[in-house]
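Here the structure comes first, spelled out in structure tokens, and everything after it is commentary.
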Amino acid sequence: MAIPTYTPGYPPDGSSLGQTKSTMRNNMDGTFETLAVDHINNNGSPGGQPAGYHTIIHQVPQTNVSTVSGYNQIFSGVPGGLTVNMTTTPTIPPGGDTQLYALSGAGVLSQLTGSSQNTNGYAWVGGILMQWGVVTTPGTTGTVSFATSNVNFPNNCFNVTLTCRYDGALFAASFSLKGLPSKTAFVYTGSTVNSTDLYWVAIGN
């Protein structure tokens, strides 16, 4: 059953109850049924829950959001298709699916969701972008370009951690960063004795 259309201005001045009853009923029923879409309704239904509590939150994707000083905002949007404070959000992940964002009262934006759940992948965690991957049969030096199998960091790469997997009686492989990591890549160097794979984790924003 469709929710009745709300008609403002009822009852109008000079009208009798009989003339306006049908429209007034639609207004009240429509308000009641609209509340029940995402909330426990005024009668505590379904399930005898507290009236007005949320059951689910449907969010209309936003395309342009600005800071409201002193107030936090939570909203959804499509990465790359959402502008916040006149800056377009990075397209991570691509594909056009909606993601969840939070904007603080001081204008700090955090992307809360979005991931690539693969061997080489990434995930937004509370505004921090975590990436991971593996270099098979690494040489004594090499470069990992984030965009090759993952994504470039939009702003900063804070940290890269390297872990060796080895097949042998003695552990002899050892790798470290060569220079500072950038938003797009890092360079590793080390010993490959008994090493078969080099696993890495990078953290940034």
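Note on naming: chains are A, B, ... as they come in the structure tokens, residues start from 1 per chain, ligands start from 1 in the order shown.
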Q: Quick one: pick out all strand (DSSP E) residues within stretch 95-172 of chain A from a backbone DSSP run and write them as a PyMOL selection string.
A: chain A and resi 99-103+109-111+115-116+121-125+128-136+141-145+157-166
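Every protein or nucleic acid residue with an atom no more than 9 Å from stretch 48-56 of chain A, counting only C-alpha atoms and leaving out same-chain residues fewer than 6 positions away, appears here: Leu35, Ala36, Val37, Asp38, His39, Ile40, Asn41 and Asn42 of chain A.
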Selected residues, C-alpha atoms, written as a PDB file, in the first residue's frame, please.
ATOM      1  CA  LEU A  35       8.028   7.131  10.283  1.00  0.00           C
ATOM      2  CA  ALA A  36       7.634   3.339  10.201  1.00  0.00           C
ATOM      3  CA  VAL A  37       9.832   2.955   7.078  1.00  0.00           C
ATOM      4  CA  ASP A  38      13.104   3.249   9.044  1.00  0.00           C
ATOM      5  CA  HIS A  39      11.802   3.339  12.620  1.00  0.00           C
ATOM      6  CA  ILE A  40       9.703   1.474  15.141  1.00  0.00           C
ATOM      7  CA  ASN A  41       6.344   3.184  14.690  1.00  0.00           C
ATOM      8  CA  ASN A  42       4.385   5.128  17.295  1.00  0.00           C
TER       9      ASN A  42
END
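Among the candidates A:Gly30, A:Ser104, A:Ala185, A:Gly70, the one nearest to A:Ala2 when counting only C-alpha atoms is A:Gly30.
The protein and nucleic acid residues lying at most 7 Å from A:Gly105 are Thr67, Val68, Ser69, Gly70, Tyr71 and Asn72 of chain A, with only C-alpha atoms considered and sequence neighbours fewer than 6 positions away removed.
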Would you export the selected residues with C-alpha atoms as a PDB file, in the first residue's frame, please?
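Saved to selection26.pdb:
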ATOM      1  CA  THR A  67      31.157  21.267   7.067  1.00  0.00           C
ATOM      2  CA  VAL A  68      28.616  22.314   9.670  1.00  0.00           C
ATOM      3  CA  SER A  69      30.769  23.839  12.400  1.00  0.00           C
ATOM      4  CA  GLY A  70      30.527  21.939  15.694  1.00  0.00           C
ATOM      5  CA  TYR A  71      28.428  19.062  14.319  1.00  0.00           C
ATOM      6  CA  ASN A  72      29.382  15.627  13.009  1.00  0.00           C
TER       7      ASN A  72
END
Q: as number ranges by chain, please: all residues of stretch 20-138 of chain A that backbone DSSP puts in helix (DSSP H, G or I).
A: A: 20-38
(Q) Using Å and a single decimal, report how far atom CA of A:Thr34 sits from atom CA of A:Ile57. (A) 13.0 Å
Q: May I have the residues within 12 Å of A:Phe175 as a ChimeraX atom specification, using only C-alpha atoms and disregarding those fewer than 6 positions away in the same chain?
A: /A:135,138-142,160-165,187-193,195,197-200
Q.
Show me, as a PyMOL selection string, the residues that have an atom within 10 Å of A:Tyr10 when counting only C-alpha atoms, minus same-chain residues fewer than 2 positions from it.
A. chain A and resi 6-8+12-13+15+20-21+23-24+27
Q.
What's the separation between atom CA of A:Ser145 and atom CA of A:Thr184, in Å to one decimal place?
A. 5.9 Å
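Atom CA of A:Ile128 is found 17.8 Å from atom CA of A:Ala106.
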